[in-house]
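J.: Sharing coords_29.cif (mmCIF, C-alpha atoms and all ligand atoms) below.
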```
data_my_file
#
loop_
_atom_site.label_atom_id
_atom_site.label_comp_id
_atom_site.auth_asym_id
_atom_site.auth_seq_id
_atom_site.Cartn_x
_atom_site.Cartn_y
_atom_site.Cartn_z
CA MET P 1160 -20.20 -187.82 101.87
CA THR P 1161 -18.06 -190.98 102.23
CA ASP P 1162 -18.14 -194.34 100.50
CA THR P 1163 -18.35 -197.67 102.30
CA ALA P 1164 -14.56 -197.70 102.79
CA GLY P 1165 -14.86 -194.37 104.64
CA THR P 1166 -13.08 -192.33 101.95
CA ALA P 1167 -14.50 -189.08 100.63
CA THR P 1168 -16.36 -189.28 97.32
CA SER P 1169 -14.80 -187.77 94.23
CA VAL P 1170 -16.86 -184.89 92.91
CA PHE P 1171 -16.96 -186.72 89.58
CA ASP P 1172 -18.94 -189.54 91.24
CA LEU P 1173 -21.60 -187.25 92.71
CA ASP P 1174 -25.12 -187.73 91.47
CA VAL P 1175 -26.01 -184.11 90.71
CA PRO P 1176 -28.01 -182.40 87.95
CA VAL P 1177 -26.14 -181.68 84.74
CA LEU P 1178 -26.48 -178.33 82.97
CA GLY P 1179 -26.30 -179.20 79.30
CA PRO P 1180 -25.98 -177.00 76.21
CA GLU P 1181 -29.74 -176.33 76.35
CA VAL P 1182 -29.06 -173.82 79.16
CA LEU P 1183 -27.22 -171.66 76.64
CA GLU P 1184 -30.49 -171.33 74.70
CA LEU P 1185 -32.21 -169.73 77.71
CA SER P 1186 -32.35 -165.98 78.23
CA ARG P 1187 -30.44 -164.66 81.23
CA ALA P 1188 -33.66 -164.29 83.23
CA GLU P 1189 -34.77 -167.83 82.37
CA ALA P 1190 -31.32 -169.22 83.20
CA THR P 1191 -31.38 -167.40 86.56
CA ASP P 1192 -34.79 -168.92 87.41
CA HIS P 1193 -33.69 -172.37 86.24
CA LEU P 1194 -30.55 -172.28 88.40
CA ARG P 1195 -32.47 -170.87 91.37
CA ALA P 1196 -34.83 -173.84 91.23
CA LEU P 1197 -31.80 -176.18 91.18
CA ALA P 1198 -30.07 -174.18 93.94
CA SER P 1199 -32.99 -174.80 96.30
CA GLU P 1200 -32.04 -178.50 96.26
CA HIS P 1201 -28.34 -178.67 95.36
CA TRP P 1202 -25.26 -176.68 96.39
CA ILE P 1203 -23.38 -177.97 93.36
CA VAL P 1204 -24.35 -178.92 89.79
CA ARG P 1205 -22.35 -180.15 86.87
CA ASN P 1206 -21.79 -178.27 83.60
CA LEU P 1207 -19.84 -178.77 80.39
CA MET P 1208 -16.62 -177.39 81.90
CA GLY P 1209 -16.73 -178.86 85.39
CA PHE P 1210 -19.03 -177.87 88.23
CA VAL P 1211 -20.98 -174.82 89.37
CA ILE P 1212 -21.40 -173.76 93.01
CA LEU P 1213 -24.68 -172.02 93.79
CA ASP P 1214 -25.03 -171.17 97.53
CA TYR P 1215 -23.78 -167.94 99.09
CA ASP P 1216 -21.84 -169.64 101.88
CA ASP P 1217 -20.16 -172.17 99.61
CA VAL P 1218 -19.31 -169.54 97.00
CA THR P 1219 -17.68 -167.26 99.60
CA LYS P 1220 -15.87 -170.11 101.39
CA ILE P 1221 -14.35 -171.34 98.13
CA LEU P 1222 -13.40 -167.84 96.95
CA ARG P 1223 -11.58 -167.35 100.27
CA ASP P 1224 -9.77 -170.69 100.10
CA LYS P 1225 -6.33 -170.04 98.62
CA ARG P 1226 -6.01 -173.59 97.30
CA TRP P 1227 -8.50 -172.62 94.60
CA HIS P 1228 -6.68 -170.60 91.94
CA ASN P 1229 -8.14 -168.08 89.56
CA ALA P 1230 -8.83 -169.74 86.22
CA VAL P 1231 -8.32 -166.41 84.40
CA ALA P 1232 -4.73 -167.60 83.96
CA LYS P 1233 -6.08 -170.60 82.05
CA ILE P 1234 -8.48 -168.75 79.76
CA PRO P 1235 -6.13 -168.57 76.73
CA GLU P 1236 -5.32 -172.27 77.13
CA MET P 1237 -9.02 -173.15 77.52
CA MET P 1238 -9.77 -171.17 74.37
CA GLY P 1239 -7.10 -173.09 72.48
CA ILE P 1240 -4.80 -170.06 72.18
CA THR P 1241 -1.23 -171.22 71.59
CA ASP P 1242 0.30 -168.09 70.09
CA PRO P 1243 3.32 -167.05 72.21
CA ALA P 1244 2.77 -163.36 71.37
CA ILE P 1245 -0.50 -163.59 73.32
CA LEU P 1246 0.47 -166.26 75.87
CA ASN P 1247 3.86 -164.92 76.99
CA ARG P 1248 2.64 -161.69 78.55
CA PRO P 1249 3.51 -160.80 82.14
CA PRO P 1250 0.75 -162.42 84.25
CA SER P 1251 -2.03 -160.11 85.34
CA ILE P 1252 -2.81 -159.55 89.04
CA LEU P 1253 -6.00 -161.56 88.45
CA ALA P 1254 -3.89 -164.59 87.55
CA ALA P 1255 -1.36 -164.14 90.40
CA GLU P 1256 -1.67 -166.26 93.55
CA GLY P 1257 0.07 -166.76 96.90
CA ASP P 1258 2.91 -164.46 97.99
CA VAL P 1259 3.17 -162.84 94.56
CA HIS P 1260 -0.45 -161.74 94.76
CA THR P 1261 -0.24 -160.66 98.42
CA ARG P 1262 2.74 -158.45 97.63
CA LEU P 1263 1.02 -156.79 94.65
CA ARG P 1264 -2.15 -156.06 96.66
CA ARG P 1265 -0.11 -154.69 99.57
CA LEU P 1266 1.75 -152.31 97.29
CA VAL P 1267 -1.27 -150.95 95.42
CA ALA P 1268 -3.97 -151.01 98.15
CA LYS P 1269 -3.66 -147.33 99.10
CA ALA P 1270 -3.86 -146.11 95.51
CA PHE P 1271 -7.30 -147.81 95.27
CA SER P 1272 -8.72 -146.62 98.59
CA PRO P 1273 -12.22 -145.10 98.86
CA ARG P 1274 -10.49 -141.75 99.51
CA SER P 1275 -8.63 -141.92 96.22
CA ALA P 1276 -11.90 -142.82 94.45
CA ASP P 1277 -13.75 -139.93 96.09
CA ARG P 1278 -11.28 -137.46 94.61
CA LEU P 1279 -12.63 -138.34 91.17
CA ARG P 1280 -16.32 -137.82 92.02
CA PRO P 1281 -16.50 -134.21 90.71
CA PHE P 1282 -14.94 -135.38 87.44
CA MET P 1283 -17.40 -138.30 87.23
CA ARG P 1284 -20.30 -135.85 87.63
CA GLU P 1285 -18.88 -133.70 84.84
CA VAL P 1286 -18.62 -136.72 82.53
CA VAL P 1287 -22.19 -137.91 83.20
CA ASN P 1288 -23.64 -134.42 82.74
CA GLU P 1289 -21.78 -133.96 79.46
CA LEU P 1290 -23.11 -137.30 78.20
CA ILE P 1291 -26.68 -136.43 79.19
CA ASP P 1292 -26.63 -132.87 77.73
CA PRO P 1293 -26.99 -133.80 74.04
CA VAL P 1294 -29.83 -136.31 74.60
CA ALA P 1295 -31.73 -134.37 77.30
CA ALA P 1296 -33.29 -132.01 74.76
CA THR P 1297 -34.43 -134.80 72.44
CA GLY P 1298 -36.45 -136.81 74.96
CA ARG P 1299 -35.06 -140.09 73.60
CA ALA P 1300 -31.79 -142.00 73.92
CA ASP P 1301 -30.19 -145.36 73.49
CA ILE P 1302 -28.72 -145.21 76.95
CA ALA P 1303 -26.43 -148.21 76.44
CA VAL P 1304 -24.77 -146.51 73.46
CA ASP P 1305 -25.08 -142.82 74.37
CA ILE P 1306 -24.19 -142.98 78.07
CA CYS P 1307 -23.04 -146.36 79.42
CA GLU P 1308 -20.58 -147.20 76.64
CA PRO P 1309 -18.53 -143.97 76.71
CA TYR P 1310 -18.80 -143.34 80.49
CA PRO P 1311 -15.77 -145.23 81.90
CA ILE P 1312 -13.06 -144.23 79.41
CA PRO P 1313 -12.58 -140.54 80.34
CA ILE P 1314 -12.55 -141.61 83.99
CA ILE P 1315 -9.77 -144.14 83.37
CA CYS P 1316 -7.81 -141.44 81.45
CA GLU P 1317 -8.23 -139.05 84.37
CA LEU P 1318 -7.27 -141.80 86.82
CA PHE P 1319 -4.03 -142.39 84.90
CA GLY P 1320 -3.39 -138.68 84.43
CA ALA P 1321 -3.47 -139.22 80.64
CA PRO P 1322 -4.65 -136.30 78.48
CA GLN P 1323 -8.33 -136.46 77.53
CA GLU P 1324 -7.28 -136.04 73.83
CA ASP P 1325 -6.05 -139.65 74.06
CA LEU P 1326 -9.45 -140.93 75.11
CA GLN P 1327 -10.18 -142.56 71.75
CA LEU P 1328 -6.87 -144.44 71.89
CA PHE P 1329 -7.80 -146.01 75.24
CA SER P 1330 -11.27 -146.87 73.98
CA ASP P 1331 -9.86 -148.59 70.87
CA TRP P 1332 -7.18 -150.50 72.82
CA ALA P 1333 -9.75 -151.80 75.32
CA THR P 1334 -12.07 -152.89 72.47
CA ASP P 1335 -9.28 -154.61 70.53
CA ILE P 1336 -7.77 -156.42 73.54
CA PHE P 1337 -11.24 -157.67 74.53
CA ARG P 1338 -11.41 -159.40 71.14
CA ILE P 1339 -9.49 -162.20 72.84
CA PHE P 1340 -12.90 -163.35 74.16
CA ASN P 1341 -14.59 -163.28 70.73
CA ASN P 1342 -13.66 -166.84 69.74
CA ASN P 1343 -12.37 -165.57 66.42
CA LEU P 1344 -8.65 -165.47 67.03
CA ALA P 1345 -7.59 -166.21 63.47
CA GLU P 1346 -9.11 -162.90 62.38
CA ASP P 1347 -8.56 -160.87 65.56
CA LYS P 1348 -5.00 -161.87 66.47
CA ALA P 1349 -3.22 -159.06 64.63
CA ALA P 1350 -5.47 -156.37 66.14
CA ILE P 1351 -5.07 -157.83 69.67
CA ILE P 1352 -1.27 -157.95 69.48
CA ARG P 1353 -1.06 -154.47 67.93
CA ALA P 1354 -3.29 -153.01 70.68
CA GLN P 1355 -1.29 -154.73 73.44
CA ASP P 1356 2.01 -153.42 72.02
CA GLU P 1357 0.71 -149.87 71.58
CA LEU P 1358 -0.74 -149.83 75.09
CA ASP P 1359 2.53 -151.19 76.56
CA THR P 1360 4.50 -148.42 74.86
CA TYR P 1361 2.02 -145.67 75.80
CA ILE P 1362 1.81 -146.72 79.46
CA GLY P 1363 5.59 -147.23 79.60
CA ASP P 1364 6.12 -143.62 78.40
CA LEU P 1365 3.51 -142.28 80.83
CA ILE P 1366 5.25 -144.06 83.72
CA GLU P 1367 8.62 -142.57 82.75
CA ARG P 1368 7.09 -139.08 82.61
CA ARG P 1369 5.46 -139.54 86.02
CA ARG P 1370 8.74 -140.74 87.52
CA SER P 1371 10.33 -137.39 86.68
CA THR P 1372 7.19 -135.27 87.23
CA PRO P 1373 4.86 -136.91 89.77
CA SER P 1374 1.27 -135.78 89.76
CA ASP P 1375 -1.97 -136.45 91.63
CA ASP P 1376 -2.88 -139.63 89.74
CA LEU P 1377 -2.95 -143.42 90.07
CA ILE P 1378 0.32 -143.98 88.18
CA SER P 1379 2.22 -141.55 90.41
CA ALA P 1380 0.62 -143.17 93.49
CA MET P 1381 1.67 -146.64 92.32
CA ILE P 1382 5.21 -145.45 91.49
CA GLN P 1383 5.54 -143.97 94.98
CA ALA P 1384 3.91 -146.95 96.73
CA GLU P 1385 6.43 -148.61 98.95
CA SER P 1386 6.26 -151.28 101.61
CA ASP P 1387 9.33 -152.28 103.66
CA GLY P 1388 11.61 -150.85 100.98
CA ASP P 1389 9.82 -152.84 98.27
CA ARG P 1390 8.39 -151.18 95.14
CA LEU P 1391 6.61 -152.22 91.95
CA SER P 1392 8.95 -152.85 89.00
CA HIS P 1393 8.38 -151.10 85.67
CA ALA P 1394 6.84 -154.27 84.19
CA GLU P 1395 4.51 -154.60 87.19
CA LEU P 1396 3.42 -150.97 86.87
CA VAL P 1397 2.58 -151.52 83.20
CA MET P 1398 0.70 -154.73 84.06
CA MET P 1399 -1.32 -152.94 86.81
CA CYS P 1400 -2.34 -150.10 84.46
CA GLU P 1401 -3.41 -152.58 81.81
CA ALA P 1402 -5.33 -154.63 84.38
CA VAL P 1403 -7.17 -151.48 85.46
CA LEU P 1404 -8.06 -150.57 81.88
CA MET P 1405 -9.28 -154.09 81.12
CA ALA P 1406 -11.03 -154.78 84.44
CA GLY P 1407 -12.50 -151.33 84.93
CA THR P 1408 -14.02 -150.48 81.55
CA ASP P 1409 -16.47 -153.10 80.33
CA THR P 1410 -17.57 -153.93 83.89
CA THR P 1411 -18.48 -150.31 84.65
CA ARG P 1412 -20.41 -149.66 81.44
CA ASN P 1413 -22.30 -152.95 81.54
CA GLN P 1414 -23.16 -152.67 85.24
CA LEU P 1415 -24.62 -149.23 84.57
CA GLY P 1416 -26.61 -150.69 81.67
CA CYS P 1417 -27.92 -153.60 83.78
CA SER P 1418 -28.87 -151.20 86.58
CA LEU P 1419 -30.65 -148.76 84.24
CA SER P 1420 -32.58 -151.59 82.57
CA LEU P 1421 -33.75 -152.57 86.03
CA PHE P 1422 -34.85 -149.04 86.91
CA ALA P 1423 -36.62 -148.69 83.56
CA ALA P 1424 -38.70 -151.72 84.58
CA HIS P 1425 -39.27 -150.34 88.11
CA PRO P 1426 -40.22 -146.66 87.68
CA GLU P 1427 -41.32 -146.35 91.32
CA GLN P 1428 -37.76 -147.22 92.45
CA TRP P 1429 -36.29 -144.71 89.97
CA LYS P 1430 -38.60 -142.00 91.38
CA LEU P 1431 -37.48 -142.90 94.90
CA LEU P 1432 -33.85 -142.40 93.89
CA ALA P 1433 -34.67 -139.11 92.12
CA ASP P 1434 -36.45 -137.83 95.26
CA GLN P 1435 -33.93 -139.24 97.75
CA PRO P 1436 -30.43 -139.14 96.23
CA GLU P 1437 -29.05 -140.21 99.61
CA LEU P 1438 -30.33 -143.69 98.67
CA ALA P 1439 -27.63 -143.94 95.95
CA PRO P 1440 -25.17 -146.16 97.89
CA ARG P 1441 -27.96 -148.62 98.76
CA ALA P 1442 -29.34 -148.43 95.21
CA VAL P 1443 -25.95 -149.46 93.84
CA GLU P 1444 -25.62 -152.45 96.19
CA GLU P 1445 -29.18 -153.54 95.41
CA THR P 1446 -28.86 -153.23 91.62
CA MET P 1447 -25.57 -155.13 91.75
CA ARG P 1448 -27.14 -157.80 93.95
CA PHE P 1449 -30.24 -158.15 91.82
CA PHE P 1450 -28.61 -157.82 88.40
CA GLY P 1451 -24.83 -157.91 88.44
CA THR P 1452 -22.94 -157.67 85.17
CA VAL P 1453 -20.42 -160.30 86.33
CA ARG P 1454 -22.60 -163.40 86.78
CA GLY P 1455 -19.83 -165.66 88.02
CA THR P 1456 -16.16 -166.43 88.10
CA VAL P 1457 -14.04 -169.54 87.64
CA ARG P 1458 -11.44 -171.35 89.77
CA PHE P 1459 -9.42 -174.54 89.44
CA ALA P 1460 -8.11 -176.80 92.21
CA SER P 1461 -4.34 -176.23 92.56
CA GLU P 1462 -4.12 -179.52 94.53
CA ASP P 1463 -6.58 -182.23 95.61
CA ILE P 1464 -9.11 -180.37 97.76
CA GLU P 1465 -11.61 -181.93 100.15
CA TYR P 1466 -14.68 -179.79 100.74
CA ARG P 1467 -18.02 -180.85 102.27
CA ASP P 1468 -16.70 -184.43 102.30
CA VAL P 1469 -16.18 -184.33 98.55
CA VAL P 1470 -12.78 -184.56 96.85
CA PHE P 1471 -12.06 -182.17 93.99
CA PRO P 1472 -9.00 -183.63 92.24
CA ALA P 1473 -6.22 -181.19 91.31
CA GLY P 1474 -7.11 -179.40 88.08
CA THR P 1475 -10.91 -179.57 88.57
CA PHE P 1476 -12.66 -176.48 87.22
CA ILE P 1477 -15.52 -174.88 89.11
CA GLY P 1478 -17.72 -171.93 88.36
CA LEU P 1479 -18.86 -169.80 91.30
CA SER P 1480 -22.29 -168.38 90.56
CA LEU P 1481 -22.20 -164.87 92.03
CA ALA P 1482 -25.67 -164.24 90.58
CA GLN P 1483 -27.19 -167.25 92.37
CA ALA P 1484 -25.37 -166.47 95.61
CA ASN P 1485 -26.86 -162.97 95.40
CA ARG P 1486 -30.34 -164.52 95.34
CA ASP P 1487 -29.74 -166.95 98.22
CA PRO P 1488 -32.83 -166.69 100.46
CA SER P 1489 -30.83 -167.71 103.54
CA ILE P 1490 -28.87 -164.44 103.20
CA PHE P 1491 -31.24 -161.97 101.51
CA ASP P 1492 -34.91 -161.61 102.58
CA GLY P 1493 -37.26 -161.86 99.59
CA PRO P 1494 -34.30 -162.08 97.18
CA ALA P 1495 -36.48 -161.93 94.04
CA GLU P 1496 -37.69 -158.47 95.02
CA PHE P 1497 -35.83 -155.37 93.80
CA ASP P 1498 -35.93 -152.78 96.56
CA ILE P 1499 -33.39 -149.98 96.91
CA THR P 1500 -34.60 -149.19 100.43
CA ARG P 1501 -33.68 -152.69 101.60
CA ASP P 1502 -31.73 -152.59 104.87
CA PRO P 1503 -28.08 -153.30 104.15
CA PRO P 1504 -27.73 -157.07 104.70
CA ASP P 1505 -25.16 -158.44 107.17
CA LYS P 1506 -23.30 -159.99 104.28
CA PRO P 1507 -22.36 -158.05 101.11
CA GLN P 1508 -23.65 -158.69 97.61
CA LEU P 1509 -21.03 -160.68 95.69
CA THR P 1510 -20.83 -159.00 92.27
CA PHE P 1511 -17.38 -157.66 93.26
CA GLY P 1512 -16.30 -161.20 94.16
CA SER P 1513 -14.78 -162.22 97.50
CA GLY P 1514 -11.47 -163.38 98.94
CA ILE P 1515 -8.03 -162.35 97.73
CA HIS P 1516 -9.15 -161.36 94.23
CA TYR P 1517 -11.99 -159.17 95.54
CA CYS P 1518 -12.36 -156.30 93.06
CA LEU P 1519 -9.46 -153.91 93.54
CA GLY P 1520 -11.47 -151.11 91.90
CA ALA P 1521 -14.61 -151.61 94.02
CA ALA P 1522 -14.41 -148.17 95.66
CA LEU P 1523 -13.97 -146.49 92.30
CA ALA P 1524 -16.70 -148.61 90.70
CA ARG P 1525 -19.14 -147.81 93.53
CA ALA P 1526 -18.41 -144.09 93.16
CA GLU P 1527 -18.90 -144.28 89.37
CA GLN P 1528 -22.24 -146.09 89.69
CA GLN P 1529 -23.49 -143.85 92.50
CA GLU P 1530 -22.66 -140.61 90.68
CA ALA P 1531 -24.10 -141.75 87.35
CA LEU P 1532 -27.36 -143.09 88.80
CA THR P 1533 -27.93 -140.06 91.05
CA ILE P 1534 -27.49 -137.53 88.24
CA MET P 1535 -29.49 -139.54 85.72
CA ALA P 1536 -32.39 -140.02 88.16
CA LYS P 1537 -32.41 -136.28 88.85
CA ARG P 1538 -32.20 -135.18 85.22
CA LEU P 1539 -34.34 -137.93 83.65
CA PRO P 1540 -36.84 -138.73 86.44
CA ASP P 1541 -39.58 -140.08 84.16
CA LEU P 1542 -37.30 -142.30 82.08
CA GLU P 1543 -39.12 -145.30 80.61
CA LEU P 1544 -38.43 -148.01 78.07
CA ALA P 1545 -39.15 -146.94 74.47
CA GLY P 1546 -38.54 -150.24 72.70
CA GLU P 1547 -37.07 -153.66 73.12
CA ILE P 1548 -33.76 -154.05 74.95
CA VAL P 1549 -31.14 -155.84 72.83
CA TRP P 1550 -28.93 -157.90 75.14
CA LYS P 1551 -25.34 -159.01 74.60
CA PRO P 1552 -25.07 -162.78 73.98
CA SER P 1553 -25.83 -164.67 77.19
CA THR P 1554 -22.44 -166.40 77.01
CA VAL P 1555 -20.33 -163.25 77.52
CA ARG P 1556 -18.50 -162.97 80.82
CA ILE P 1557 -19.51 -159.35 81.37
CA PHE P 1558 -23.18 -159.14 80.49
CA GLY P 1559 -25.39 -156.13 79.78
CA PRO P 1560 -27.56 -154.36 77.23
CA GLU P 1561 -26.24 -153.67 73.73
CA HIS P 1562 -29.15 -151.28 73.14
CA LEU P 1563 -31.40 -149.75 75.77
CA PRO P 1564 -33.90 -147.40 74.12
CA VAL P 1565 -35.64 -145.01 76.51
CA ARG P 1566 -37.81 -141.88 76.39
CA PHE P 1567 -38.30 -139.08 78.91
CA THR P 1568 -39.60 -135.51 79.06
CA PRO P 1569 -37.17 -133.32 77.10
CA THR P 1570 -35.44 -130.57 79.10
C1 LIG Q 1601 -19.22 -152.39 88.43
C2 LIG Q 1601 -17.98 -152.54 88.04
C3 LIG Q 1601 -17.10 -153.70 88.43
C4 LIG Q 1601 -17.42 -155.01 88.71
C5 LIG Q 1601 -18.82 -155.63 88.73
C6 LIG Q 1601 -16.19 -155.70 89.01
C7 LIG Q 1601 -16.11 -157.03 89.38
C8 LIG Q 1601 -14.94 -157.67 89.71
C9 LIG Q 1601 -14.85 -159.04 90.16
C10 LIG Q 1601 -16.03 -160.00 90.30
C11 LIG Q 1601 -13.55 -159.31 90.40
C12 LIG Q 1601 -12.97 -160.62 90.93
C13 LIG Q 1601 -12.88 -161.67 89.84
C14 LIG Q 1601 -12.48 -163.01 90.36
O1 LIG Q 1601 -12.42 -163.25 91.56
O2 LIG Q 1601 -12.26 -163.88 89.51
C15 LIG Q 1601 -12.78 -158.13 90.09
C16 LIG Q 1601 -11.42 -158.02 90.20
C17 LIG Q 1601 -10.70 -156.91 89.82
N1 LIG Q 1601 -11.23 -155.68 89.46
FE1 LIG Q 1601 -13.18 -155.21 89.30
N2 LIG Q 1601 -15.14 -154.83 88.87
C18 LIG Q 1601 -15.66 -153.60 88.53
C19 LIG Q 1601 -14.94 -152.44 88.32
C20 LIG Q 1601 -13.58 -152.31 88.42
C21 LIG Q 1601 -12.84 -151.08 88.24
C22 LIG Q 1601 -13.47 -149.71 87.97
C23 LIG Q 1601 -11.51 -151.40 88.36
C24 LIG Q 1601 -10.29 -150.52 88.28
C25 LIG Q 1601 -10.23 -149.28 88.56
C26 LIG Q 1601 -11.43 -152.82 88.64
C27 LIG Q 1601 -10.26 -153.50 88.81
C28 LIG Q 1601 -10.17 -154.84 89.19
C29 LIG Q 1601 -8.92 -155.55 89.36
C30 LIG Q 1601 -7.52 -154.96 89.13
C31 LIG Q 1601 -9.25 -156.83 89.76
C32 LIG Q 1601 -8.28 -157.96 90.09
C33 LIG Q 1601 -8.02 -157.98 91.58
C34 LIG Q 1601 -7.13 -159.13 92.03
O3 LIG Q 1601 -6.99 -160.12 91.31
O4 LIG Q 1601 -6.56 -159.02 93.13
N3 LIG Q 1601 -12.69 -153.34 88.68
N4 LIG Q 1601 -13.65 -157.13 89.69
#
```
Translate this structure into structure tokens?
Ligand code: HEM

T.:
Amino acid sequence: MTDTAGTATSVFDLDVPVLGPEVLELSRAEATDHLRALASEHWIVRNLMGFVILDYDDVTKILRDKRWHNAVAKIPEMMGITDPAILNRPPSILAAEGDVHTRLRRLVAKAFSPRSADRLRPFMREVVNELIDPVAATGRADIAVDICEPYPIPIICELFGAPQEDLQLFSDWATDIFRIFNNNLAEDKAAIIRAQDELDTYIGDLIERRRSTPSDDLISAMIQAESDGDRLSHAELVMMCEAVLMAGTDTTRNQLGCSLSLFAAHPEQWKLLADQPELAPRAVEETMRFFGTVRGTVRFASEDIEYRDVVFPAGTFIGLSLAQANRDPSIFDGPAEFDITRDPPDKPQLTFGSGIHYCLGAALARAEQQEALTIMAKRLPDLELAGEIVWKPSTVRIFGPEHLPVRFTPT
């Protein structure tokens, strides 16, 4: 796309549809359909913050282009947060770029391997079974509250080698730190800072204990991780643990909630999974493709970037719609159909992202989803909706059901 002088057009001069505030009034399903209709004609649309990219190939190409930086680093600034107690924290791995990021990923990669995740599968099964036990006899549950919400915390405790008695502490810290996204900083600031300080101290102590007495856990693995004589510093170890707690909790519980809401609406698929548990890995990819909890992510141009003959000036914000890319008909046959027997596509579903920030916990997350869905399908094979699902606000970054009432034959 060039002008008469042969220079590439600025993205700000493109004539593309604009997503106005009215989109925020739509339900998630309506918004997905609306964007899909736009995506059939446009690879890019404009929104209130910048632009949104809709096609699978464009989304993956941009996520793999290191000139686009993760806008997570800019979230506090974008939310008008100026408080140094919140701003001046060591940057998270999600906000790191370039050599700094490459080094961190190199040092921690082994600790997050599929093999490390598999070691926790028996524990995951124990957790799911213990959460199902009290509701199984009643024949009714609010699955979002009774199962999805508590599920990830004991697993994170086990991953860190922290005692299960401290489970409530982790749950409260995660809840309080997430208040940063509540748009109510004046009221929440004290709780956020207190939670961050307490977590720093707790993790710092745990690291010191693991240095003297290594164990079979993530913290010990990260302490021992070494590459060419290089190791993570104490501050980096604390940052990694906090990133895992923050990135691995709400995502896991909400993805499970999204997936279960989908199965509740497709009982024949749930029955298939109950009868053929070997379908679990495919079921997880398909639920995440069809209804991922992370609908998109955000990048900004670290320099002027030319892409598809369009110039994105340095600083331009773009949203990458993972949800739309996951419904791209040029990649997925019949994308609007939910089918857990679907042949694995050549290209992966994108709910774990792509490129250098691809989810570090993907192996663990896959194991968590596979174990939970397999056991629930086996123990609650005739699960069906027993009321209206109450959804989280459609604006939240990690979306899912707040309440998911179901009934099933008591056992
Ligand atoms: C179903 C559950 C999960 C989903 C859908 C998910 C999704 C994602 C996505 C989309 C990203 C990339 C974000 C971006 O590019 O802006 C990401 C990054 C990350 N995730 Fe996950 N995640 C899940 C579970 C987990 C778990 C269980 C852990 C930890 C054990 C984890 C740790 C991380 C970390 C540390 C990053 C940052 C990686 C980096 O910047 O290099 N995630 N996740």

J.: To one decimal place, how far is atom C28 of ligand LIG 1601 (chain Q) from atom CA of Ala1406 of chain P in Å?

T.: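 Straight-line distance from atom C28 of ligand LIG 1601 (chain Q) to atom CA of Ala1406 of chain P works out to 4.8 Å.
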
J.: Go through P:Asp1242, P:Asp1217, P:Glu1530, P:Glu1543 and flag the residue nearest Ala1345 of chain P, using only C-alpha atoms for the distances.

T.: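 Result for the nearest residue to Ala1345 of chain P: P:Asp1242.
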
J.: Which residues, protein or nucleic acid, reach to within 10 Å of (-35.7, -132.3, 81.5) in the file's coordinates when using all atoms listed in the file, and can you give that as a list in words?

T.: Asp1292, Val1294, Ala1295, Ala1296, Thr1297, Gly1298, Lys1537, Arg1538, Leu1539, Pro1540, Asp1541, Phe1567, Thr1568, Pro1569 and Thr1570 of chain P

J.: Between P:Phe1210, P:Phe1340, P:Phe1271, P:Phe1450, which has the minimum distance to Pro1235 of chain P (counting only C-alpha atoms)?

T.: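 Result for the nearest residue to Pro1235 of chain P: P:Phe1340.
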
J.: Residues within 9 Å of Arg1369 of chain P, please, as a tab-separated table (two decimals) with C-alpha atoms, in the frame of the given file. Count all atoms listed in the file; anything in the same chain fewer than 4 positions from it doesn't count.

T.:
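Below you can see part-v3.tsv, which holds the result:
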```
chain	number	residue	atom	x	y	z
P	1364	ASP	CA	6.12	-143.62	78.40
P	1365	LEU	CA	3.51	-142.28	80.83
P	1373	PRO	CA	4.86	-136.91	89.77
P	1374	SER	CA	1.27	-135.78	89.76
P	1378	ILE	CA	0.32	-143.98	88.18
P	1379	SER	CA	2.22	-141.55	90.41
P	1382	ILE	CA	5.21	-145.45	91.49
```

J.: Might you pull out every residue within 10 Å of Asp1487 of chain P, with all atoms listed in the file counted and same-chain residues fewer than 4 positions away left off, and present them as an MDAnalysis selection string?

T.: chainID P and resid 1195 1198:1199 1213:1216 1481:1483 1491:1495

J.: List every protein, DNA or RNA residue that has at least one atom no more than 12 Å from (-26.9, -152.3, 102.0) in the file's coordinates, counting all atoms listed in the file, and write the result as a list in words.

T.: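 Collected hits near the coordinates: Leu1438, Ala1439, Pro1440, Arg1441, Ala1442, Val1443, Glu1444, Glu1445, Thr1446, Met1447, Arg1448, Phe1491, Asp1498, Ile1499, Thr1500, Arg1501, Asp1502, Pro1503, Pro1504, Asp1505, Lys1506, Pro1507 and Gln1508 of chain P.
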
J.: For segment 1403-1409 of chain P, take all atoms listed in the file, fit an axis-aligned box around them, add 5 Å to each of the six sides, then output centre and edge lengths in Å rounded to one decimal, as AutoDock Vina command-line options.

T.:
```
--center_x -11.8 --center_y -152.6 --center_z 82.9 --size_x 19.3 --size_y 14.3 --size_z 15.1
```

J.: What is the distance between atom CA of Val1565 of chain P and atom CA of Pro1313 of chain P, in Å to one decimal?

T.: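 Interatomic distance, atom CA of Val1565 of chain P to atom CA of Pro1313 of chain P: 23.8 Å.
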
J.: From the set P:Arg1454, P:Asn1288, P:Tyr1310, P:Val1549, which residue has the shortest atom-to-atom contact distance to Ala1536 of chain P, counting all atoms listed in the file?

T.: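 Closest to Ala1536 of chain P of all the choices is P:Asn1288.
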
J.: Output: segment 1324-1332 of chain P of the preceding structure, restricted to C-alpha atoms, written as an mmCIF file, in the first residue's frame.

T.:
```cif
data_model
loop_
_atom_site.group_PDB
_atom_site.id
_atom_site.type_symbol
_atom_site.label_atom_id
_atom_site.label_comp_id
_atom_site.auth_asym_id
_atom_site.auth_seq_id
_atom_site.Cartn_x
_atom_site.Cartn_y
_atom_site.Cartn_z
ATOM 1 C CA GLU P 1324 -0.929 -25.089 54.815
ATOM 2 C CA ASP P 1325 0.142 -21.865 53.068
ATOM 3 C CA LEU P 1326 -2.344 -22.352 50.256
ATOM 4 C CA GLN P 1327 -4.681 -19.602 51.481
ATOM 5 C CA LEU P 1328 -1.794 -17.127 51.600
ATOM 6 C CA PHE P 1329 -1.006 -17.738 47.911
ATOM 7 C CA SER P 1330 -4.666 -17.474 46.984
ATOM 8 C CA ASP P 1331 -5.026 -14.128 48.812
ATOM 9 C CA TRP P 1332 -1.798 -12.689 47.349
#
```
